[in-house]
>>> print(open('work-v1.txt').read())   # compact mmCIF, C-alpha atoms
# COMPACT_ATOMS: atom_id res chain seq x y z
CA MET A 1 17.59 -10.84 -15.55
CA LYS A 2 14.09 -11.53 -16.85
CA LEU A 3 12.69 -9.52 -19.73
CA TYR A 4 9.05 -8.57 -19.65
CA SER A 5 6.94 -8.51 -22.78
CA ILE A 6 6.39 -5.16 -24.45
CA GLY A 7 2.63 -5.68 -24.01
CA TYR A 8 3.01 -6.04 -20.25
CA ILE A 9 5.16 -2.91 -20.01
CA MET A 10 2.77 -0.92 -22.23
CA LEU A 11 -0.19 -2.02 -20.10
CA ILE A 12 1.55 -0.71 -16.99
CA VAL A 13 2.48 2.59 -18.66
CA ALA A 14 -1.06 3.02 -20.01
CA GLY A 15 -2.43 2.36 -16.52
CA MET A 16 -0.28 5.14 -15.09
CA PHE A 17 -1.83 7.61 -17.52
CA VAL A 18 -5.38 6.40 -17.00
CA PHE A 19 -5.30 6.84 -13.24
CA ALA A 20 -3.45 10.15 -13.08
CA ALA A 21 -4.58 13.54 -14.19
CA CYS A 22 -2.71 16.59 -15.39
CA LYS A 23 -3.70 19.95 -14.01
CA LYS A 24 -2.39 23.46 -14.35
CA ASN A 25 -2.20 26.02 -11.61
CA SER A 26 -3.10 29.62 -12.30
CA ASP A 27 0.61 30.26 -12.91
CA SER A 28 0.55 27.60 -15.71
CA THR A 29 2.58 25.09 -13.70
CA THR A 30 1.58 21.57 -14.67
CA TYR A 31 1.40 18.93 -12.00
CA TYR A 32 0.11 15.37 -11.80
CA GLN A 33 -2.48 14.21 -9.32
CA GLN A 34 -3.24 10.57 -8.61
CA GLN A 35 -6.94 9.80 -9.07
CA ASP A 36 -7.42 6.17 -8.14
CA GLN A 37 -5.53 3.09 -7.04
CA MET A 38 -6.89 0.02 -8.79
CA ALA A 39 -4.41 -2.78 -8.37
CA ARG A 40 -7.21 -4.79 -6.81
CA PRO A 41 -10.46 -3.67 -8.45
CA ALA A 42 -13.50 -2.99 -6.27
CA ILE A 43 -11.57 -3.01 -2.98
CA ASN A 44 -11.72 0.78 -2.72
CA THR A 45 -15.33 0.75 -3.95
CA VAL A 46 -16.53 -1.80 -1.39
CA PHE A 47 -14.35 -1.30 1.66
CA ILE A 48 -13.57 2.43 1.73
CA GLY A 49 -16.29 4.89 2.70
CA THR A 50 -17.07 7.84 0.45
CA ALA A 51 -15.46 10.37 2.79
CA ALA A 52 -12.16 8.45 2.85
CA LYS A 53 -11.80 7.56 -0.86
CA ASP A 54 -9.57 10.50 -1.79
CA SER A 55 -7.39 9.84 1.23
CA PHE A 56 -7.11 6.13 0.37
CA ASN A 57 -6.24 6.90 -3.23
CA THR A 58 -3.38 9.18 -2.24
CA THR A 59 -2.00 7.09 0.63
CA VAL A 60 1.21 5.23 -0.09
CA PRO A 61 0.60 1.46 0.00
CA SER A 62 2.90 0.89 2.98
CA ALA A 63 0.64 3.11 5.12
CA MET A 64 -2.73 1.78 3.92
CA ALA A 65 -3.14 -1.04 6.44
CA GLY A 66 -2.44 1.27 9.36
CA ARG A 67 -4.82 3.97 8.15
CA PHE A 68 -7.67 1.88 6.75
CA GLY A 69 -7.35 -1.68 8.09
CA THR A 70 -9.74 -1.32 11.03
CA ALA A 71 -12.48 0.30 8.95
CA MET A 72 -12.02 -2.32 6.23
CA LYS A 73 -12.30 -5.18 8.73
CA THR A 74 -15.46 -3.64 10.17
CA LYS A 75 -16.94 -3.46 6.66
CA LEU A 76 -15.90 -7.08 5.89
CA LEU A 77 -17.64 -8.35 9.02
CA ALA A 78 -20.71 -6.21 8.29
CA LEU A 79 -20.92 -7.69 4.78
CA ASN A 80 -20.33 -11.24 6.02
CA PRO A 81 -21.01 -11.53 9.77
CA GLY A 82 -20.28 -15.28 9.58
CA TYR A 83 -16.77 -14.78 8.16
CA THR A 84 -14.24 -17.15 9.74
CA THR A 85 -11.62 -17.85 7.09
CA ASN A 86 -11.72 -17.80 3.31
CA LEU A 87 -10.67 -20.18 0.54
CA LEU A 88 -7.05 -19.16 1.12
CA GLY A 89 -7.32 -19.93 4.85
CA LEU A 90 -7.01 -16.25 5.77
CA THR A 91 -8.66 -14.94 8.94
CA ALA A 92 -10.39 -11.55 8.78
CA ASP A 93 -7.25 -9.80 10.06
CA GLN A 94 -5.00 -11.62 7.57
CA PHE A 95 -7.37 -11.03 4.67
CA ILE A 96 -7.70 -7.33 5.42
CA GLY A 97 -3.90 -7.17 5.71
CA VAL A 98 -3.74 -8.38 2.09
CA LEU A 99 -6.61 -6.23 0.82
CA SER A 100 -5.64 -3.00 2.50
CA THR A 101 -2.39 -2.74 0.57
CA ASP A 102 -3.73 -1.91 -2.88
CA VAL A 103 -0.79 -2.98 -5.03
CA LEU A 104 -0.54 -5.31 -8.00
CA ASN A 105 1.91 -8.05 -7.18
CA ALA A 106 3.93 -9.48 -10.05
CA SER A 107 5.76 -12.79 -9.85
CA THR A 108 8.71 -13.53 -12.09
CA THR A 109 8.52 -17.26 -11.35
CA ALA A 110 4.79 -18.11 -11.38
CA PRO A 111 2.00 -17.69 -13.94
CA THR A 112 0.49 -14.22 -14.11
CA THR A 113 -2.88 -14.56 -12.41
CA PHE A 114 -5.07 -13.00 -9.77
CA TYR A 115 -6.05 -16.52 -8.66
CA ASP A 116 -6.09 -19.76 -10.65
CA GLY A 117 -6.72 -22.28 -7.89
CA THR A 118 -3.02 -22.58 -7.09
CA ASN A 119 -1.31 -19.25 -7.67
CA VAL A 120 -2.59 -16.22 -5.75
CA LEU A 121 -1.90 -12.57 -6.56
CA THR A 122 1.01 -13.30 -8.88
CA GLY A 123 -0.23 -10.63 -11.26
CA ARG A 124 -3.40 -10.14 -13.22
CA ALA A 125 -4.18 -11.47 -16.68
CA LEU A 126 -6.78 -9.78 -18.89
CA THR A 127 -9.01 -12.86 -18.67
CA ASP A 128 -8.90 -13.13 -14.87
CA ASP A 129 -12.36 -12.79 -13.31
CA VAL A 130 -11.10 -10.58 -10.50
CA ILE A 131 -14.53 -9.66 -9.15
CA ASP A 132 -15.62 -13.31 -8.83
CA VAL A 133 -12.35 -14.12 -7.03
CA GLU A 134 -12.87 -11.24 -4.60
CA LEU A 135 -16.52 -12.17 -4.00
CA THR A 136 -15.51 -15.79 -3.35
CA LEU A 137 -12.84 -14.69 -0.88
CA ILE A 138 -15.32 -12.43 0.95
CA PHE A 139 -18.42 -14.65 0.96
CA GLY A 140 -17.32 -18.18 -0.01
CA GLY A 141 -16.02 -19.30 3.38
CA PRO A 142 -13.23 -21.84 3.88
CA SER A 143 -14.31 -24.02 0.95
CA GLY A 144 -15.23 -21.15 -1.40
CA THR A 145 -18.73 -22.60 -1.79
CA SER A 146 -20.66 -20.91 1.03
CA ASN A 147 -23.22 -18.26 0.02
CA PRO A 148 -23.27 -19.30 -3.68
CA GLY A 149 -25.59 -16.41 -4.57
CA LEU A 150 -22.91 -13.95 -3.45
CA THR A 151 -19.75 -15.44 -4.96
CA SER A 152 -20.19 -14.35 -8.58
CA ASP A 153 -21.25 -11.30 -10.54
CA HIS A 154 -22.27 -13.71 -13.35
CA VAL A 155 -20.17 -11.90 -15.93
CA ASN A 156 -18.06 -14.80 -17.12
CA ALA A 157 -16.17 -13.31 -20.05
CA ASN A 158 -15.40 -10.10 -21.85
CA ASP A 159 -18.00 -9.15 -24.47
CA LYS A 160 -15.33 -9.37 -27.18
CA ALA A 161 -12.33 -11.66 -27.48
CA PHE A 162 -8.96 -10.28 -26.44
CA LEU A 163 -6.37 -9.95 -29.19
CA THR A 164 -3.57 -12.52 -29.36
CA SER A 165 -0.96 -9.83 -30.09
CA PHE A 166 -0.16 -6.37 -28.79
CA PRO A 167 -2.10 -4.35 -27.58
CA TYR A 168 -4.06 -7.50 -26.45
CA LEU A 169 -7.15 -5.53 -25.43
CA ALA A 170 -10.40 -6.31 -27.20
CA SER A 171 -11.55 -3.99 -29.94
CA PRO A 172 -13.84 -1.20 -28.72
CA ASN A 173 -17.60 -1.40 -29.12
>>> encode(input="work-v1.txt", output="C-alpha cells")
Amino acid sequence: MKLYSIGYIMLIVAGMFVFAACKKNSDSTTYYQQQDQMARPAINTVFIGTAAKDSFNTTVPSAMAGRFGTAMKTKLLALNPGYTTNLLGLTADQFIGVLSTDVLNASTTAPTTFYDGTNVLTGRALTDDVIDVELTLIFGGPSGTSNPGLTSDHVNANDKAFLTSFPYLASPN
C-alpha cells in the first residue's frame, strides 16, 4: 500500500471545500451543492457553453462524454478547423474523450504531472503550466509547434515561489 504525503491529501481536502458550497433551506437544513469541476482547468470555460455550465458541473464524470462530447468536439473544431491530431497523437474524437471526463487522474507509479513530455495526466503538480499544455494540445498540431501564437498564455511561473514544505502554496499577495 502506498502512502500519500499529508500535503497531497490536504490539497485534495481543501479543493473539496473550495468547489462546494453550504446552503440552508428555510427549514434550516444544511446541504452541500457542487459549484465547479476543475480537475482540468479551463476545459469547462472553453468547451462548455454558458447555458450548460451548471449541468456540466453537476454531471457525474462517467456521463460527461455522452452528454457533452459532441458539443465539445464541435467547439474544438471551431477553435481549430485544421485539427488533425495533437502532440499526443489523439484524433479529435479521442481528445474530446479525454477532455470531456473532467477528473484529475493520479498515478501511484509515475511522477505527478499534467504533462512533462513523457508522462501525461498522472496528476498535477503546483508548478505544472496546465493552460500552456492544454493550448498546445488544442492548437499545436501533431508536433506541438503549429500555431505558436496560440500555444501559450505567456505566464511561465507563479508570481511567488511555492513553499518547500506543507502547505506548499505560495504566500498570499
>>> residues_near_point(input="work-v1.txt", point="(-16.0, -4.0, -27.0)", cutoff="10 Å", atoms="all atoms listed in the file", output="list of chain:residue names")
A:Asn158, A:Asp159, A:Lys160, A:Ala161, A:Phe162, A:Leu169, A:Ala170, A:Ser171, A:Pro172, A:Asn173
>>> closest_atom_pairs(input="work-v1.txt", of="region 131-157 of chain A", to="region 87-109 of chain A", cutoff="9 Å", atoms="all atoms listed in the file", output="CSV")
residue,atom,partner,partner_atom,distance
A:Thr136,CA,A:Leu87,CA,7.6
A:Leu137,CA,A:Leu87,CA,6.1
A:Ile138,CA,A:Phe95,CA,8.9
A:Gly140,CA,A:Leu87,CA,7.0
A:Gly141,CA,A:Leu87,CA,6.1
A:Pro142,CA,A:Leu87,CA,4.5
A:Ser143,CA,A:Leu87,CA,5.3
A:Gly144,CA,A:Leu87,CA,5.0
A:Thr145,CA,A:Leu87,CA,8.7
>>> atom_distance(input="work-v1.txt", atom1="CA of Tyr83 (chain A)", atom2="CA of Val46 (chain A)")
16.1 Å
>>> residues_near_point(input="work-v1.txt", point="(-12.7, -13.5, -7.4)", cutoff="10 Å", atoms="only C-alpha atoms", output="ChimeraX atom specification")
/A:114-116,128-138,140,151-153
>>> write_last_selection(input="work-v1.txt", atoms="C-alpha atoms", output="short mmCIF file (atom, residue, chain, number, x, y, z; two decimals), keeping the file's coordinate frame")
data_model
loop_
_atom_site.label_atom_id
_atom_site.label_comp_id
_atom_site.auth_asym_id
_atom_site.auth_seq_id
_atom_site.Cartn_x
_atom_site.Cartn_y
_atom_site.Cartn_z
CA PHE A 114 -5.07 -13.00 -9.77
CA TYR A 115 -6.05 -16.52 -8.66
CA ASP A 116 -6.09 -19.76 -10.65
CA ASP A 128 -8.90 -13.13 -14.87
CA ASP A 129 -12.36 -12.79 -13.31
CA VAL A 130 -11.10 -10.58 -10.50
CA ILE A 131 -14.53 -9.66 -9.15
CA ASP A 132 -15.62 -13.31 -8.83
CA VAL A 133 -12.35 -14.12 -7.03
CA GLU A 134 -12.87 -11.24 -4.60
CA LEU A 135 -16.52 -12.17 -4.00
CA THR A 136 -15.51 -15.79 -3.35
CA LEU A 137 -12.84 -14.69 -0.88
CA ILE A 138 -15.32 -12.43 0.95
CA GLY A 140 -17.32 -18.18 -0.01
CA THR A 151 -19.75 -15.44 -4.96
CA SER A 152 -20.19 -14.35 -8.58
CA ASP A 153 -21.25 -11.30 -10.54
#
>>> atom_distance(input="work-v1.txt", atom1="CA of Ala71 (chain A)", atom2="CA of Ser146 (chain A)")
24.1 Å
>>> atom_distance(input="work-v1.txt", atom1="CA of Thr127 (chain A)", atom2="CA of Ala157 (chain A)")
7.3 Å
>>> closest_residue(input="work-v1.txt", among="A:Ile48, A:Val60, A:Leu150, A:Ala42", to="Lys73 (chain A)", atoms="all atoms listed in the file")
A:Ile48
>>> closest_residue(input="work-v1.txt", among="A:Asn156, A:Lys75, A:Gly69, A:Gln37", to="Asn57 (chain A)", atoms="only C-alpha atoms")
A:Gln37
>>> residues_around(input="work-v1.txt", residues="Ala110 (chain A)", least_positions_apart="5", cutoff="10 Å", atoms="only C-alpha atoms", output="PyMOL selection string")
chain A and resi 118-123
>>> closest_residue(input="work-v1.txt", among="A:Thr85, A:Thr58, A:Thr164, A:Thr74", to="Met38 (chain A)", atoms="only C-alpha atoms")
A:Thr58
>>> closest_residue(input="work-v1.txt", among="A:Leu126, A:Thr59, A:Thr29, A:Ala78", to="Phe47 (chain A)", atoms="all atoms listed in the file")
A:Ala78
>>> decode(input="work-v1.txt", residues="region 101-145 of chain A", atoms="N, CA and C atoms", output="short mmCIF file (atom, residue, chain, number, x, y, z; two decimals), in the first residue's frame")
data_model
loop_
_atom_site.label_atom_id
_atom_site.label_comp_id
_atom_site.auth_asym_id
_atom_site.auth_seq_id
_atom_site.Cartn_x
_atom_site.Cartn_y
_atom_site.Cartn_z
N THR A 101 -14.22 14.05 -19.73
CA THR A 101 -14.32 13.46 -18.40
C THR A 101 -13.42 14.27 -17.48
N ASP A 102 -14.02 15.24 -16.80
CA ASP A 102 -13.26 16.21 -16.01
C ASP A 102 -12.91 15.62 -14.65
N VAL A 103 -11.86 14.78 -14.65
CA VAL A 103 -11.37 14.18 -13.42
C VAL A 103 -9.86 14.39 -13.36
N LEU A 104 -9.32 14.40 -12.18
CA LEU A 104 -7.88 14.50 -12.00
C LEU A 104 -7.33 13.10 -11.78
N ASN A 105 -6.63 12.60 -12.78
CA ASN A 105 -6.01 11.29 -12.65
C ASN A 105 -4.86 11.39 -11.67
N ALA A 106 -4.55 10.30 -11.01
CA ALA A 106 -3.41 10.26 -10.09
C ALA A 106 -2.73 8.90 -10.23
N SER A 107 -1.48 8.92 -10.65
CA SER A 107 -0.72 7.70 -10.80
C SER A 107 0.06 7.41 -9.51
N THR A 108 0.12 6.16 -9.15
CA THR A 108 0.93 5.77 -8.00
C THR A 108 2.30 5.26 -8.43
N THR A 109 2.53 5.21 -9.75
CA THR A 109 3.79 4.66 -10.25
C THR A 109 4.57 5.62 -11.14
N ALA A 110 4.01 6.78 -11.47
CA ALA A 110 4.69 7.74 -12.34
C ALA A 110 4.77 9.08 -11.63
N PRO A 111 5.64 9.97 -12.10
CA PRO A 111 5.70 11.31 -11.49
C PRO A 111 4.36 12.03 -11.58
N THR A 112 4.08 12.84 -10.59
CA THR A 112 2.85 13.62 -10.59
C THR A 112 3.02 14.80 -11.53
N THR A 113 2.32 14.76 -12.66
CA THR A 113 2.42 15.84 -13.64
C THR A 113 1.21 15.85 -14.54
N PHE A 114 0.89 17.02 -15.03
CA PHE A 114 -0.16 17.15 -16.04
C PHE A 114 0.40 16.68 -17.38
N TYR A 115 1.63 17.11 -17.68
CA TYR A 115 2.36 16.66 -18.86
C TYR A 115 3.80 17.13 -18.72
N ASP A 116 4.75 16.22 -18.83
CA ASP A 116 6.16 16.61 -18.72
C ASP A 116 6.98 16.19 -19.93
N GLY A 117 6.30 15.88 -21.02
CA GLY A 117 6.98 15.42 -22.22
C GLY A 117 6.95 13.91 -22.35
N THR A 118 6.78 13.22 -21.24
CA THR A 118 6.71 11.76 -21.23
C THR A 118 5.42 11.30 -20.55
N ASN A 119 5.21 11.76 -19.35
CA ASN A 119 4.04 11.36 -18.56
C ASN A 119 2.88 12.32 -18.84
N VAL A 120 1.70 11.75 -19.00
CA VAL A 120 0.52 12.54 -19.35
C VAL A 120 -0.59 12.26 -18.35
N LEU A 121 -1.12 13.31 -17.76
CA LEU A 121 -2.26 13.22 -16.85
C LEU A 121 -2.05 12.19 -15.75
N THR A 122 -0.87 12.25 -15.13
CA THR A 122 -0.58 11.37 -14.00
C THR A 122 -0.77 12.10 -12.68
N GLY A 123 -1.40 13.24 -12.75
CA GLY A 123 -1.66 14.10 -11.60
C GLY A 123 -1.46 15.53 -12.02
N ARG A 124 -1.22 16.38 -11.04
CA ARG A 124 -0.98 17.78 -11.37
C ARG A 124 -0.14 18.40 -10.26
N ALA A 125 1.06 18.82 -10.59
CA ALA A 125 1.93 19.47 -9.62
C ALA A 125 1.63 20.97 -9.62
N LEU A 126 1.94 21.64 -8.52
CA LEU A 126 1.68 23.07 -8.42
C LEU A 126 2.38 23.85 -9.53
N THR A 127 3.54 23.40 -9.94
CA THR A 127 4.32 24.14 -10.95
C THR A 127 3.94 23.79 -12.38
N ASP A 128 3.05 22.85 -12.60
CA ASP A 128 2.64 22.48 -13.96
C ASP A 128 1.94 23.66 -14.63
N ASP A 129 2.34 23.96 -15.85
CA ASP A 129 1.70 25.02 -16.64
C ASP A 129 0.55 24.39 -17.43
N VAL A 130 -0.53 24.13 -16.73
CA VAL A 130 -1.66 23.40 -17.27
C VAL A 130 -2.27 24.10 -18.49
N ILE A 131 -2.39 25.41 -18.44
CA ILE A 131 -3.01 26.14 -19.55
C ILE A 131 -2.15 26.02 -20.80
N ASP A 132 -0.82 26.16 -20.68
CA ASP A 132 0.04 26.00 -21.86
C ASP A 132 -0.07 24.59 -22.43
N VAL A 133 -0.14 23.59 -21.58
CA VAL A 133 -0.29 22.21 -22.06
C VAL A 133 -1.59 22.08 -22.83
N GLU A 134 -2.68 22.58 -22.27
CA GLU A 134 -3.98 22.48 -22.95
C GLU A 134 -3.98 23.24 -24.27
N LEU A 135 -3.40 24.45 -24.29
CA LEU A 135 -3.33 25.22 -25.53
C LEU A 135 -2.50 24.49 -26.58
N THR A 136 -1.39 23.87 -26.16
CA THR A 136 -0.56 23.11 -27.10
C THR A 136 -1.33 21.92 -27.66
N LEU A 137 -2.09 21.25 -26.82
CA LEU A 137 -2.85 20.09 -27.29
C LEU A 137 -4.00 20.48 -28.22
N ILE A 138 -4.54 21.67 -28.05
CA ILE A 138 -5.63 22.15 -28.90
C ILE A 138 -5.08 22.71 -30.22
N PHE A 139 -4.04 23.54 -30.14
CA PHE A 139 -3.59 24.30 -31.31
C PHE A 139 -2.24 23.86 -31.87
N GLY A 140 -1.47 23.07 -31.15
CA GLY A 140 -0.10 22.77 -31.54
C GLY A 140 0.09 21.72 -32.61
N GLY A 141 -0.99 21.03 -32.99
CA GLY A 141 -0.87 20.01 -34.03
C GLY A 141 -0.05 18.81 -33.58
N PRO A 142 0.26 17.92 -34.53
CA PRO A 142 0.97 16.68 -34.20
C PRO A 142 2.35 16.89 -33.58
N SER A 143 3.02 17.97 -33.91
CA SER A 143 4.36 18.20 -33.37
C SER A 143 4.33 19.11 -32.13
N GLY A 144 3.20 19.75 -31.87
CA GLY A 144 3.09 20.69 -30.76
C GLY A 144 3.61 22.07 -31.09
N THR A 145 4.07 22.26 -32.35
CA THR A 145 4.67 23.54 -32.72
C THR A 145 3.84 24.35 -33.71
#
